[in-house]
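Colleague: My structure file run19.pdb, PDB, C-alpha atoms, is below:
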```pdb
ATOM      1  CA  MET A   1       9.044 -10.412   0.215
ATOM      2  CA  GLN A   2       7.947 -10.607  -3.412
ATOM      3  CA  THR A   3       4.374 -11.432  -2.347
ATOM      4  CA  LEU A   4       4.381  -8.428  -0.004
ATOM      5  CA  LEU A   5       5.559  -6.086  -2.785
ATOM      6  CA  LYS A   6       2.682  -7.204  -4.996
ATOM      7  CA  SER A   7      -0.017  -6.904  -2.323
ATOM      8  CA  THR A   8      -2.502  -4.047  -2.786
ATOM      9  CA  PRO A   9      -2.449  -2.752   0.850
ATOM     10  CA  PHE A  10       1.358  -2.572   0.792
ATOM     11  CA  ARG A  11       1.316  -0.646  -2.497
ATOM     12  CA  TYR A  12      -1.251   1.814  -1.164
ATOM     13  CA  ALA A  13       0.858   2.335   1.969
ATOM     14  CA  LEU A  14       3.991   2.744  -0.166
ATOM     15  CA  ASN A  15       2.347   5.328  -2.419
ATOM     16  CA  ALA A  16       0.906   7.205   0.567
ATOM     17  CA  SER A  17       4.358   7.331   2.177
ATOM     18  CA  ALA A  18       5.890   8.612  -1.070
ATOM     19  CA  ILE A  19       3.210  11.320  -1.394
ATOM     20  CA  ILE A  20       3.731  12.502   2.191
ATOM     21  CA  GLY A  21       7.521  12.309   1.790
ATOM     22  CA  LEU A  22       7.485  14.377  -1.426
ATOM     23  CA  TYR A  23       5.293  17.011   0.222
ATOM     24  CA  ALA A  24       7.657  17.156   3.217
ATOM     25  CA  VAL A  25      10.639  17.631   0.878
ATOM     26  CA  ILE A  26       8.883  20.452  -1.027
ATOM     27  CA  MET A  27       7.947  22.239   2.208
ATOM     28  CA  LEU A  28      11.475  21.791   3.537
ATOM     29  CA  LEU A  29      12.952  23.318   0.365
ATOM     30  CA  ILE A  30      10.612  26.300   0.698
ATOM     31  CA  LYS A  31      11.137  26.802   4.442
ATOM     32  CA  THR A  32      14.935  26.636   4.190
ATOM     33  CA  GLY A  33      14.989  29.104   1.279
ATOM     34  CA  ILE A  34      16.507  26.647  -1.215
ATOM     35  CA  LEU A  35      13.454  27.445  -3.338
ATOM     36  CA  ASN A  36      12.988  31.213  -3.364
ATOM     37  CA  ARG A  37       9.560  32.880  -3.379
ATOM     38  CA  TYR A  38       9.366  33.017  -7.185
ATOM     39  CA  GLN A  39      10.329  29.360  -7.575
ATOM     40  CA  ALA A  40       7.860  28.333  -4.864
ATOM     41  CA  LEU A  41       5.053  30.235  -6.587
ATOM     42  CA  MET A  42       5.902  28.464  -9.863
ATOM     43  CA  LEU A  43       4.815  25.222  -8.204
ATOM     44  CA  ILE A  44       1.217  26.492  -8.288
ATOM     45  CA  PRO A  45       0.840  26.872 -12.097
ATOM     46  CA  ILE A  46       2.720  23.585 -12.473
ATOM     47  CA  GLY A  47       0.064  21.995 -10.265
ATOM     48  CA  PHE A  48      -3.018  23.224 -12.098
ATOM     49  CA  ASN A  49      -1.366  22.460 -15.453
ATOM     50  CA  ILE A  50      -0.880  18.866 -14.257
ATOM     51  CA  ILE A  51      -4.584  18.700 -13.353
ATOM     52  CA  LEU A  52      -5.608  20.140 -16.731
ATOM     53  CA  ALA A  53      -3.303  17.810 -18.689
ATOM     54  CA  ALA A  54      -4.266  14.659 -16.742
ATOM     55  CA  SER A  55      -7.982  15.434 -17.071
ATOM     56  CA  LEU A  56      -7.735  16.124 -20.823
ATOM     57  CA  ASN A  57      -5.677  12.939 -21.234
ATOM     58  CA  LEU A  58      -8.659  11.009 -19.899
ATOM     59  CA  THR A  59     -10.633  12.076 -22.985
ATOM     60  CA  ALA A  60      -7.930  12.552 -25.608
ATOM     61  CA  GLY A  61      -5.573   9.757 -24.560
ATOM     62  CA  PHE A  62      -7.591   7.020 -22.885
ATOM     63  CA  LEU A  63     -10.937   7.548 -24.638
ATOM     64  CA  GLY A  64      -9.347   8.380 -27.993
ATOM     65  CA  GLN A  65     -11.501  11.461 -28.731
ATOM     66  CA  LEU A  66     -10.219  14.959 -29.605
ATOM     67  CA  PRO A  67     -11.973  17.756 -27.666
ATOM     68  CA  LEU A  68     -10.735  21.333 -28.111
ATOM     69  CA  GLY A  69     -12.831  23.155 -25.530
ATOM     70  CA  HIS A  70     -11.060  22.265 -22.292
ATOM     71  CA  ALA A  71     -10.385  25.921 -21.481
ATOM     72  CA  GLY A  72     -14.146  26.517 -21.532
ATOM     73  CA  PHE A  73     -14.672  24.054 -18.676
ATOM     74  CA  MET A  74     -11.747  25.596 -16.848
ATOM     75  CA  SER A  75     -13.375  29.040 -17.141
ATOM     76  CA  VAL A  76     -16.795  27.792 -15.986
ATOM     77  CA  GLY A  77     -15.277  26.121 -12.933
ATOM     78  CA  GLY A  78     -13.096  29.124 -12.188
ATOM     79  CA  TYR A  79     -15.965  31.612 -12.316
ATOM     80  CA  ALA A  80     -18.262  29.357 -10.275
ATOM     81  CA  ALA A  81     -15.612  28.895  -7.587
ATOM     82  CA  ALA A  82     -14.740  32.603  -7.556
ATOM     83  CA  LEU A  83     -18.356  33.766  -7.315
ATOM     84  CA  PHE A  84     -19.011  31.380  -4.433
ATOM     85  CA  SER A  85     -15.939  32.474  -2.452
ATOM     86  CA  MET A  86     -16.746  36.168  -3.050
ATOM     87  CA  SER A  87     -20.279  35.743  -1.710
ATOM     88  CA  ALA A  88     -19.457  33.367   1.163
ATOM     89  CA  ALA A  89     -17.994  34.484   4.470
ATOM     90  CA  LEU A  90     -16.287  31.321   5.642
ATOM     91  CA  PRO A  91     -12.819  30.473   6.969
ATOM     92  CA  THR A  92     -10.289  29.904   4.173
ATOM     93  CA  ASN A  93      -9.770  26.243   5.052
ATOM     94  CA  VAL A  94     -13.500  25.672   4.564
ATOM     95  CA  GLU A  95     -14.251  28.191   1.840
ATOM     96  CA  LEU A  96     -11.588  27.168  -0.688
ATOM     97  CA  PRO A  97     -12.328  23.410  -0.797
ATOM     98  CA  LEU A  98     -16.054  24.157  -1.040
ATOM     99  CA  ALA A  99     -15.403  26.626  -3.856
ATOM    100  CA  LEU A 100     -13.239  24.103  -5.721
ATOM    101  CA  ALA A 101     -15.900  21.406  -5.262
ATOM    102  CA  ILE A 102     -18.593  23.740  -6.604
ATOM    103  CA  GLY A 103     -16.367  24.713  -9.533
ATOM    104  CA  GLY A 104     -15.778  21.046 -10.342
ATOM    105  CA  VAL A 105     -19.473  20.128 -10.101
ATOM    106  CA  VAL A 106     -20.589  23.067 -12.278
ATOM    107  CA  ALA A 107     -17.933  22.293 -14.907
ATOM    108  CA  ALA A 108     -18.919  18.603 -14.836
ATOM    109  CA  ALA A 109     -22.563  19.593 -15.369
ATOM    110  CA  PHE A 110     -21.544  21.658 -18.396
ATOM    111  CA  GLY A 111     -19.460  18.721 -19.610
ATOM    112  CA  LEU A 112     -22.494  16.441 -19.317
ATOM    113  CA  VAL A 113     -24.760  18.866 -21.204
ATOM    114  CA  ILE A 114     -22.195  19.454 -23.954
ATOM    115  CA  GLY A 115     -20.985  15.860 -24.106
ATOM    116  CA  LEU A 116     -24.389  14.286 -24.765
ATOM    117  CA  PRO A 117     -24.788  15.858 -28.227
ATOM    118  CA  ALA A 118     -21.080  16.402 -29.034
ATOM    119  CA  LEU A 119     -19.920  12.822 -28.451
ATOM    120  CA  ARG A 120     -22.262  11.550 -31.158
ATOM    121  CA  LEU A 121     -19.573  12.893 -33.513
ATOM    122  CA  LYS A 122     -16.015  11.660 -33.979
ATOM    123  CA  GLY A 123     -12.600  12.911 -35.020
ATOM    124  CA  ASP A 124     -12.405  16.343 -36.627
ATOM    125  CA  TYR A 125     -16.139  16.947 -36.191
ATOM    126  CA  LEU A 126     -15.891  16.448 -32.443
ATOM    127  CA  ALA A 127     -12.908  18.798 -32.285
ATOM    128  CA  ILE A 128     -14.835  21.495 -34.168
ATOM    129  CA  ILE A 129     -18.020  21.217 -32.109
ATOM    130  CA  THR A 130     -16.160  21.253 -28.758
ATOM    131  CA  LEU A 131     -14.132  24.237 -29.983
ATOM    132  CA  GLY A 132     -17.430  25.938 -30.817
ATOM    133  CA  PHE A 133     -18.896  25.174 -27.398
ATOM    134  CA  GLY A 134     -15.741  26.510 -25.741
ATOM    135  CA  GLU A 135     -16.057  29.787 -27.627
ATOM    136  CA  ILE A 136     -19.791  29.989 -26.828
ATOM    137  CA  ILE A 137     -18.993  29.680 -23.118
ATOM    138  CA  ARG A 138     -16.373  32.443 -23.384
ATOM    139  CA  VAL A 139     -18.752  34.783 -25.251
ATOM    140  CA  ILE A 140     -21.556  34.169 -22.748
ATOM    141  CA  ILE A 141     -19.189  35.020 -19.872
ATOM    142  CA  LEU A 142     -18.189  38.197 -21.743
ATOM    143  CA  ASN A 143     -21.810  39.349 -21.846
ATOM    144  CA  LEU A 144     -22.940  38.543 -18.321
ATOM    145  CA  LYS A 145     -22.925  41.323 -15.716
ATOM    146  CA  PHE A 146     -22.358  39.144 -12.645
ATOM    147  CA  THR A 147     -19.139  37.735 -14.196
ATOM    148  CA  GLY A 148     -17.733  41.236 -14.748
ATOM    149  CA  GLY A 149     -18.146  41.040 -18.528
ATOM    150  CA  ALA A 150     -15.144  42.101 -20.595
ATOM    151  CA  TYR A 151     -13.593  43.802 -17.543
ATOM    152  CA  GLY A 152     -13.224  40.469 -15.793
ATOM    153  CA  LEU A 153     -14.046  39.392 -12.283
ATOM    154  CA  LYS A 154     -11.925  41.158  -9.658
ATOM    155  CA  GLY A 155     -11.565  41.023  -5.907
ATOM    156  CA  ILE A 156     -11.180  37.237  -5.641
ATOM    157  CA  GLY A 157      -9.347  36.166  -2.499
ATOM    158  CA  ARG A 158      -5.810  34.940  -3.161
ATOM    159  CA  GLN A 159      -6.238  31.648  -1.307
ATOM    160  CA  THR A 160      -4.472  29.109  -3.531
ATOM    161  CA  THR A 161      -1.341  27.780  -1.847
ATOM    162  CA  VAL A 162       1.210  25.105  -2.670
ATOM    163  CA  THR A 163      -0.448  22.815  -0.123
ATOM    164  CA  TRP A 164      -3.922  23.100  -1.661
ATOM    165  CA  VAL A 165      -2.549  22.619  -5.167
ATOM    166  CA  TYR A 166      -0.590  19.560  -4.045
ATOM    167  CA  ILE A 167      -3.707  18.037  -2.427
ATOM    168  CA  CYS A 168      -5.775  18.647  -5.577
ATOM    169  CA  VAL A 169      -3.067  17.170  -7.828
ATOM    170  CA  VAL A 170      -2.847  14.024  -5.678
ATOM    171  CA  ILE A 171      -6.640  13.593  -5.618
ATOM    172  CA  THR A 172      -6.903  14.134  -9.387
ATOM    173  CA  LEU A 173      -4.153  11.661 -10.266
ATOM    174  CA  PHE A 174      -5.464   9.098  -7.770
ATOM    175  CA  ILE A 175      -9.047   9.219  -9.089
ATOM    176  CA  ILE A 176      -8.060   9.111 -12.767
ATOM    177  CA  SER A 177      -5.508   6.318 -12.306
ATOM    178  CA  THR A 178      -7.948   4.317 -10.145
ATOM    179  CA  LEU A 179     -10.690   4.810 -12.735
ATOM    180  CA  MET A 180      -8.443   3.587 -15.546
ATOM    181  CA  ARG A 181      -7.441   0.480 -13.559
ATOM    182  CA  SER A 182     -11.069  -0.469 -12.932
ATOM    183  CA  ARG A 183     -13.458  -2.283 -15.257
ATOM    184  CA  HIS A 184     -14.840   1.116 -16.259
ATOM    185  CA  GLY A 185     -11.357   2.139 -17.350
ATOM    186  CA  ARG A 186     -10.995  -1.026 -19.409
ATOM    187  CA  ALA A 187     -14.317  -0.223 -21.083
ATOM    188  CA  ILE A 188     -13.041   3.284 -21.912
ATOM    189  CA  LEU A 189      -9.838   1.832 -23.360
ATOM    190  CA  SER A 190     -11.823  -0.630 -25.464
ATOM    191  CA  ILE A 191     -13.669   2.299 -27.059
ATOM    192  CA  ARG A 192     -10.339   3.857 -27.981
ATOM    193  CA  GLU A 193      -9.060   0.655 -29.548
ATOM    194  CA  ASP A 194     -12.198  -0.245 -31.512
ATOM    195  CA  GLU A 195     -15.513   1.434 -30.777
ATOM    196  CA  ILE A 196     -17.520  -0.846 -33.084
ATOM    197  CA  ALA A 197     -16.107  -4.005 -31.484
ATOM    198  CA  ALA A 198     -16.694  -2.562 -28.003
ATOM    199  CA  GLU A 199     -20.331  -1.808 -28.824
ATOM    200  CA  ALA A 200     -20.768  -5.270 -30.359
ATOM    201  CA  SER A 201     -19.423  -6.752 -27.092
ATOM    202  CA  GLY A 202     -22.226  -5.119 -25.140
ATOM    203  CA  ILE A 203     -20.291  -2.131 -23.736
ATOM    204  CA  PRO A 204     -22.533   0.967 -23.492
ATOM    205  CA  THR A 205     -20.152   3.201 -25.460
ATOM    206  CA  THR A 206     -22.251   6.363 -25.197
ATOM    207  CA  TYR A 207     -22.391   6.058 -21.393
ATOM    208  CA  TYR A 208     -18.633   5.636 -21.037
ATOM    209  CA  LYS A 209     -17.820   8.396 -23.512
ATOM    210  CA  VAL A 210     -20.043  10.837 -21.622
ATOM    211  CA  LEU A 211     -18.656   9.592 -18.270
ATOM    212  CA  ALA A 212     -15.039  10.229 -19.317
ATOM    213  CA  PHE A 213     -15.942  13.611 -20.810
ATOM    214  CA  THR A 214     -17.843  14.682 -17.670
ATOM    215  CA  VAL A 215     -15.075  13.604 -15.270
ATOM    216  CA  SER A 216     -12.518  15.362 -17.474
ATOM    217  CA  ALA A 217     -14.574  18.583 -17.460
ATOM    218  CA  GLY A 218     -15.024  18.382 -13.681
ATOM    219  CA  PHE A 219     -11.305  18.293 -12.978
ATOM    220  CA  ALA A 220     -10.774  21.146 -15.457
ATOM    221  CA  GLY A 221     -13.224  23.116 -13.324
ATOM    222  CA  VAL A 222     -11.185  22.364 -10.185
ATOM    223  CA  ALA A 223      -8.066  23.622 -11.983
ATOM    224  CA  GLY A 224     -10.020  26.752 -12.948
ATOM    225  CA  GLY A 225     -10.921  27.326  -9.298
ATOM    226  CA  LEU A 226      -7.271  27.066  -8.271
ATOM    227  CA  TYR A 227      -6.335  29.426 -11.114
ATOM    228  CA  ALA A 228      -8.947  32.008 -10.038
ATOM    229  CA  HIS A 229      -7.812  32.002  -6.416
ATOM    230  CA  TYR A 230      -4.169  32.212  -7.510
ATOM    231  CA  LEU A 231      -4.401  35.272  -9.791
ATOM    232  CA  SER A 232      -7.332  36.844  -7.856
ATOM    233  CA  ILE A 233      -8.810  37.991 -11.184
ATOM    234  CA  MET A 234     -10.668  36.193 -13.984
ATOM    235  CA  ASP A 235     -10.241  37.543 -17.523
ATOM    236  CA  PRO A 236     -12.431  35.901 -20.221
ATOM    237  CA  SER A 237      -9.730  36.439 -22.855
ATOM    238  CA  SER A 238      -7.504  33.977 -20.971
ATOM    239  CA  PHE A 239      -9.781  31.065 -21.894
ATOM    240  CA  GLY A 240      -9.816  31.200 -25.661
ATOM    241  CA  PHE A 241      -8.825  28.596 -28.219
ATOM    242  CA  MET A 242      -5.104  29.081 -27.584
ATOM    243  CA  ARG A 243      -5.501  28.058 -23.955
ATOM    244  CA  SER A 244      -7.194  24.811 -25.013
ATOM    245  CA  ALA A 245      -4.435  24.257 -27.582
ATOM    246  CA  GLU A 246      -1.748  24.758 -24.915
ATOM    247  CA  ILE A 247      -3.336  22.076 -22.729
ATOM    248  CA  LEU A 248      -3.563  19.709 -25.704
ATOM    249  CA  VAL A 249       0.127  20.336 -26.501
ATOM    250  CA  ILE A 250       1.047  19.305 -22.938
ATOM    251  CA  VAL A 251      -0.949  16.071 -23.310
ATOM    252  CA  VAL A 252       0.452  15.179 -26.746
ATOM    253  CA  LEU A 253       4.020  16.016 -25.747
ATOM    254  CA  GLY A 254       3.805  13.860 -22.612
ATOM    255  CA  GLY A 255       2.160  10.965 -24.419
ATOM    256  CA  LEU A 256      -1.475  10.212 -25.186
ATOM    257  CA  GLY A 257      -2.663   7.656 -22.658
ATOM    258  CA  SER A 258       0.069   8.279 -20.065
ATOM    259  CA  ILE A 259      -0.759  10.061 -16.813
ATOM    260  CA  PHE A 260       2.936  10.034 -15.892
ATOM    261  CA  GLY A 261       3.688  11.638 -19.258
ATOM    262  CA  SER A 262       1.148  14.403 -18.558
ATOM    263  CA  VAL A 263       2.861  15.143 -15.233
ATOM    264  CA  VAL A 264       6.350  15.256 -16.793
ATOM    265  CA  SER A 265       5.194  17.358 -19.738
ATOM    266  CA  ALA A 266       3.230  19.811 -17.562
ATOM    267  CA  ILE A 267       6.275  20.385 -15.367
ATOM    268  CA  ALA A 268       8.592  20.817 -18.371
ATOM    269  CA  LEU A 269       6.325  23.129 -20.385
ATOM    270  CA  THR A 270       5.537  25.319 -17.368
ATOM    271  CA  ILE A 271       9.179  25.744 -16.396
ATOM    272  CA  LEU A 272      10.682  25.992 -19.911
ATOM    273  CA  PRO A 273       9.235  29.400 -20.941
ATOM    274  CA  GLU A 274      10.321  30.861 -17.599
ATOM    275  CA  ALA A 275      13.792  29.317 -17.893
ATOM    276  CA  LEU A 276      14.196  30.926 -21.330
ATOM    277  CA  ARG A 277      13.246  34.443 -20.205
ATOM    278  CA  GLY A 278      16.895  35.464 -20.361
ATOM    279  CA  PHE A 279      16.797  35.048 -24.146
ATOM    280  CA  ALA A 280      14.192  37.819 -24.426
ATOM    281  CA  ASP A 281      12.662  37.902 -27.934
ATOM    282  CA  TYR A 282      14.108  34.538 -28.938
ATOM    283  CA  ARG A 283      12.689  32.518 -26.072
ATOM    284  CA  MET A 284       9.412  31.621 -27.795
ATOM    285  CA  VAL A 285      11.291  30.660 -30.968
ATOM    286  CA  ILE A 286      13.556  28.334 -28.950
ATOM    287  CA  TYR A 287      10.513  26.987 -27.104
ATOM    288  CA  SER A 288       8.723  26.233 -30.391
ATOM    289  CA  VAL A 289      11.799  24.628 -31.974
ATOM    290  CA  LEU A 290      12.234  22.352 -28.951
ATOM    291  CA  LEU A 291       8.572  21.276 -29.165
ATOM    292  CA  VAL A 292       8.852  20.568 -32.900
ATOM    293  CA  GLY A 293      12.096  18.643 -32.342
ATOM    294  CA  VAL A 294      10.547  16.427 -29.677
ATOM    295  CA  MET A 295       7.522  15.638 -31.850
ATOM    296  CA  ILE A 296       9.739  14.798 -34.851
ATOM    297  CA  PHE A 297      12.121  12.496 -32.993
ATOM    298  CA  LYS A 298       9.597  11.153 -30.430
ATOM    299  CA  PRO A 299       6.156  11.324 -32.088
ATOM    300  CA  SER A 300       4.575   9.124 -29.398
ATOM    301  CA  GLY A 301       5.448  11.761 -26.790
ATOM    302  CA  LEU A 302       8.085  11.857 -24.097
ATOM    303  CA  CYS A 303       6.659   8.835 -22.260
ATOM    304  CA  GLY A 304       4.482   7.172 -24.910
ATOM    305  CA  ARG A 305       1.971   5.111 -22.929
ATOM    306  CA  TYR A 306       4.369   4.340 -20.081
ATOM    307  CA  GLU A 307       2.958   4.577 -16.558
ATOM    308  CA  PHE A 308       5.263   4.884 -13.568
ATOM    309  CA  SER A 309       4.552   2.581 -10.630
ATOM    310  CA  LEU A 310       6.560   2.868  -7.438
ATOM    311  CA  GLY A 311       5.676  -0.694  -6.417
ATOM    312  CA  ASP A 312       6.732  -2.130  -9.795
ATOM    313  CA  SER A 313       9.970  -0.115  -9.706
ATOM    314  CA  ILE A 314      10.899  -1.448  -6.260
ATOM    315  CA  ASP A 315       9.864  -4.959  -7.329
ATOM    316  CA  GLY A 316      12.080  -4.685 -10.425
ATOM    317  CA  LEU A 317      15.001  -3.390  -8.352
ATOM    318  CA  CYS A 318      14.643  -6.284  -5.887
ATOM    319  CA  SER A 319      14.533  -8.752  -8.792
ATOM    320  CA  ARG A 320      17.787  -7.326 -10.200
ATOM    321  CA  ILE A 321      19.467  -7.534  -6.787
ATOM    322  CA  ARG A 322      18.321 -11.141  -6.402
ATOM    323  CA  GLY A 323      19.616 -11.879  -9.903
ATOM    324  CA  ILE A 324      23.042 -10.403  -9.092
ATOM    325  CA  PHE A 325      23.376 -12.421  -5.877
ATOM    326  CA  SER A 326      22.162 -15.620  -7.549
ATOM    327  CA  ARG A 327      24.755 -15.210 -10.326
ATOM    328  CA  LYS A 328      27.482 -14.608  -7.749
ATOM    329  CA  GLY A 329      26.360 -17.666  -5.836
ATOM    330  CA  GLY A 330      26.446 -19.763  -9.018
ATOM    331  CA  VAL A 331      29.972 -18.600  -9.834
ATOM    332  CA  SER A 332      31.286 -19.338  -6.334
ATOM    333  CA  ASP A 333      29.675 -22.789  -6.308
ATOM    334  CA  GLY A 334      31.302 -23.594  -9.625
ATOM    335  CA  GLY A 335      34.676 -22.447  -8.338
ATOM    336  CA  ASP A 336      34.441 -24.681  -5.229
ATOM    337  CA  SER A 337      33.647 -27.761  -7.271
TER
END
```
Would you encode the structure as C-alpha cells?
Modeller:
Amino acid sequence: MQTLLKSTPFRYALNASAIIGLYAVIMLLIKTGILNRYQALMLIPIGFNIILAASLNLTAGFLGQLPLGHAGFMSVGGYAAALFSMSAALPTNVELPLALAIGGVVAAAFGLVIGLPALRLKGDYLAIITLGFGEIIRVIILNLKFTGGAYGLKGIGRQTTVTWVYICVVITLFIISTLMRSRHGRAILSIREDEIAAEASGIPTTYYKVLAFTVSAGFAGVAGGLYAHYLSIMDPSSFGFMRSAEILVIVVLGGLGSIFGSVVSAIALTILPEALRGFADYRMVIYSVLLVGVMIFKPSGLCGRYEFSLGDSIDGLCSRIRGIFSRKGGVSDGGDS
C-alpha cells in the first residue's frame, strides 16, 4: 500500500480525481443555489487572482527576483485576447481558448523582450526597471487608437465562466508545479539561493532567469484574457502600479516560494474586501490592519514555503493509522504475556 501511495501514476490519478471532484462540488453548489449568483461570480476574480499570484511567485518566490510590472503583462495579454475575439467570428468554445492562448503568447513575447535587458539587474534596480516597463506599456496602450485609447476597449464578449477559469487555474498550477519539480526548477531555485555559486556550477543563469520571467508573463497574459472577457471592457487605468502592487501583496502574504500559499492568499484577499463591505468607510482600514498584523506576526507569509501534496497527506494519514494500530497491538501483546 505504501509503495502504491508513492508511485507517480497513482499520484497523478489521485490528483486528477481530486480536481474533477472539486469541480463537481463547485458546480453542485451553484446548481442547487447554495452559492447565489453573486457568490458564484466571485469565483471568477478569485481564479484569475490565483493565476496572477502563482505566475508572479515563479519570479518573485522561486527565482528570487522582484519585478513590479506584472500588471503590464496582464494588460498586454488582455488586450491581445480581446482584440482577437472581437475580430474573430468563431464559436465561444473555440474562440475563448484561442484568445487566451494568443494573450498568453503575446504577453510571453513581451516578457522575453523586457526580461533580456531587465534581468541583467538585481534587487531594487530590477524592481524599478520593471515598474518603468509596466508604465511604458500602459502609456502606449493609452495612445493607440485600436486599443480604444483612454476611453478603453468596449464591446468585448462576456465569455469567461467559472468552468473556463477553473480549467485555466488547474493548467497554470500544474505547469508551474511540474516545472519547479523538474531539473529546470531546481536550477531556478539554485539561482535564488546563490546566483554566483549556481553560475560557477555551470548553470546558465541568464537563460533560466529569462525562462522564468517569460513563463510568468505568459500566465499573466492568460489572466488578462480572462479578466477582459469577464468585465467586457478594458480600461488602461486598471493596470497601473497599484495593480502590480496588489498582486505582489498576494504573493508575499501567501508566502514567497509557495504555490499553495498563493492560492490561499488569493482566495482570502479577494473575498476579504467583499466580506467587509458592510463596514462601509472602515472596511479598507480593517483590511489594511489585518494585512499589517499578518506580516508582523507571520513575516514568512501564511504558508511560508509549505507546499500541499494530496499524496503526501494521505501517506501521512496512513502512517498515523498504522502507528496507532501497532501501538495497540504492542499493548495487547504485553498484557497477554
Colleague: In terms of the shortest atom-to-atom distance over all atoms listed in the file, which of A:Thr178, A:Thr206, A:Ser190, A:Ser87 is closest to Leu121 (chain A)?
Modeller: A:Thr206
Colleague: In Å to one decimal, how far is CA of Ala108 (chain A) from CA of Ile128 (chain A)?
Modeller: 20.0 Å
Colleague: I'd like to see the residues matched by the PyMOL selection byres ((chain A and resi 149) around 12) on this file, and ideally I'd get them as a list in words.
Modeller: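 Evaluating the PyMOL selection byres ((chain A and resi 149) around 12) on these coordinates yields Tyr79, Arg138, Val139, Ile140, Ile141, Leu142, Asn143, Leu144, Lys145, Phe146, Thr147, Gly148, Ala150, Tyr151, Gly152, Leu153, Lys154, Met234, Asp235, Pro236 and Ser237 of chain A.
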Colleague: Near Ala101 (chain A), within 12 Å and counting all atoms listed in the file, which residues show up once chain neighbours fewer than 2 positions away are dropped, as a list in words?
Modeller: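 That gives Gly77, Gly78, Ala80, Ala81, Ala82, Phe84, Ser85, Val94, Glu95, Leu96, Pro97, Leu98, Ala99, Gly103, Gly104, Val105, Val106, Ala107, Ala108, Cys168, Gly218, Phe219, Ala220, Gly221, Val222, Ala223, Gly224, Gly225 and Leu226 of chain A.
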Colleague: May I have the residues within 7 Å of Leu66 (chain A) as a PyMOL selection string, using all atoms listed in the file and disregarding those fewer than 4 positions away in the same chain?
Modeller: chain A and resi 60+123+126-127
Colleague: Got a sec to resolve the PyMOL selection byres ((chain A and resi 19) around 12) on this structure and send the residues as a list in words?
Modeller: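 Going through the file, the PyMOL selection byres ((chain A and resi 19) around 12) ends up selecting Tyr12, Ala13, Leu14, Asn15, Ala16, Ser17, Ala18, Ile20, Gly21, Leu22, Tyr23, Ala24, Val25, Ile26, Tyr166, Ile167, Val169, Val170, Ile171, Leu173, Phe174 and Leu310 of chain A.
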Colleague: How would the residues just picked look written out with C-alpha atoms as a compact mmCIF listing (two decimals), in the frame of the given file?
Modeller:
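In the end it all went to out_19.txt:
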```
# COMPACT_ATOMS: atom_id res chain seq x y z
CA TYR A 12 -1.25 1.81 -1.16
CA ALA A 13 0.86 2.34 1.97
CA LEU A 14 3.99 2.74 -0.17
CA ASN A 15 2.35 5.33 -2.42
CA ALA A 16 0.91 7.20 0.57
CA SER A 17 4.36 7.33 2.18
CA ALA A 18 5.89 8.61 -1.07
CA ILE A 20 3.73 12.50 2.19
CA GLY A 21 7.52 12.31 1.79
CA LEU A 22 7.48 14.38 -1.43
CA TYR A 23 5.29 17.01 0.22
CA ALA A 24 7.66 17.16 3.22
CA VAL A 25 10.64 17.63 0.88
CA ILE A 26 8.88 20.45 -1.03
CA TYR A 166 -0.59 19.56 -4.04
CA ILE A 167 -3.71 18.04 -2.43
CA VAL A 169 -3.07 17.17 -7.83
CA VAL A 170 -2.85 14.02 -5.68
CA ILE A 171 -6.64 13.59 -5.62
CA LEU A 173 -4.15 11.66 -10.27
CA PHE A 174 -5.46 9.10 -7.77
CA LEU A 310 6.56 2.87 -7.44
```
Colleague: Between A:Leu231, A:Val210, A:Leu100, A:Val165, single out the one closest to Ala118 (chain A), counting all atoms listed in the file.
Modeller: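 Of all the options, A:Val210 lies closest to Ala118 (chain A).
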Colleague: Using all atoms listed in the file, what does the table of region 162-271 of chain A residues within 12 Å of region 286-298 of chain A look like, with each row giving the shortest atom pair and its distance in Å to one decimal, sorted by chain and ascending number, as a tab-separated table?
Modeller:
```
residue	atom	partner	partner_atom	distance
A:Glu246	CA	A:Leu291	CA	11.7
A:Val249	CA	A:Leu291	CA	8.9
A:Ile250	CA	A:Leu291	CA	10.0
A:Val252	CA	A:Met295	CA	8.7
A:Leu253	CA	A:Met295	CA	7.0
A:Gly254	CA	A:Val294	CA	10.1
A:Gly255	CA	A:Lys298	CA	9.6
A:Ser265	CA	A:Leu291	CA	10.8
A:Ala268	CA	A:Leu291	CA	10.8
A:Leu269	CA	A:Tyr287	CA	8.8
A:Thr270	CA	A:Tyr287	CA	11.1
A:Ile271	CA	A:Tyr287	CA	10.9
```
Colleague: I need the residue nearest Ser177 (chain A) from this list: A:Ile247, A:Val162, A:Ala197, A:Leu58. Use all atoms listed in the file for the distance.
Modeller: A:Leu58
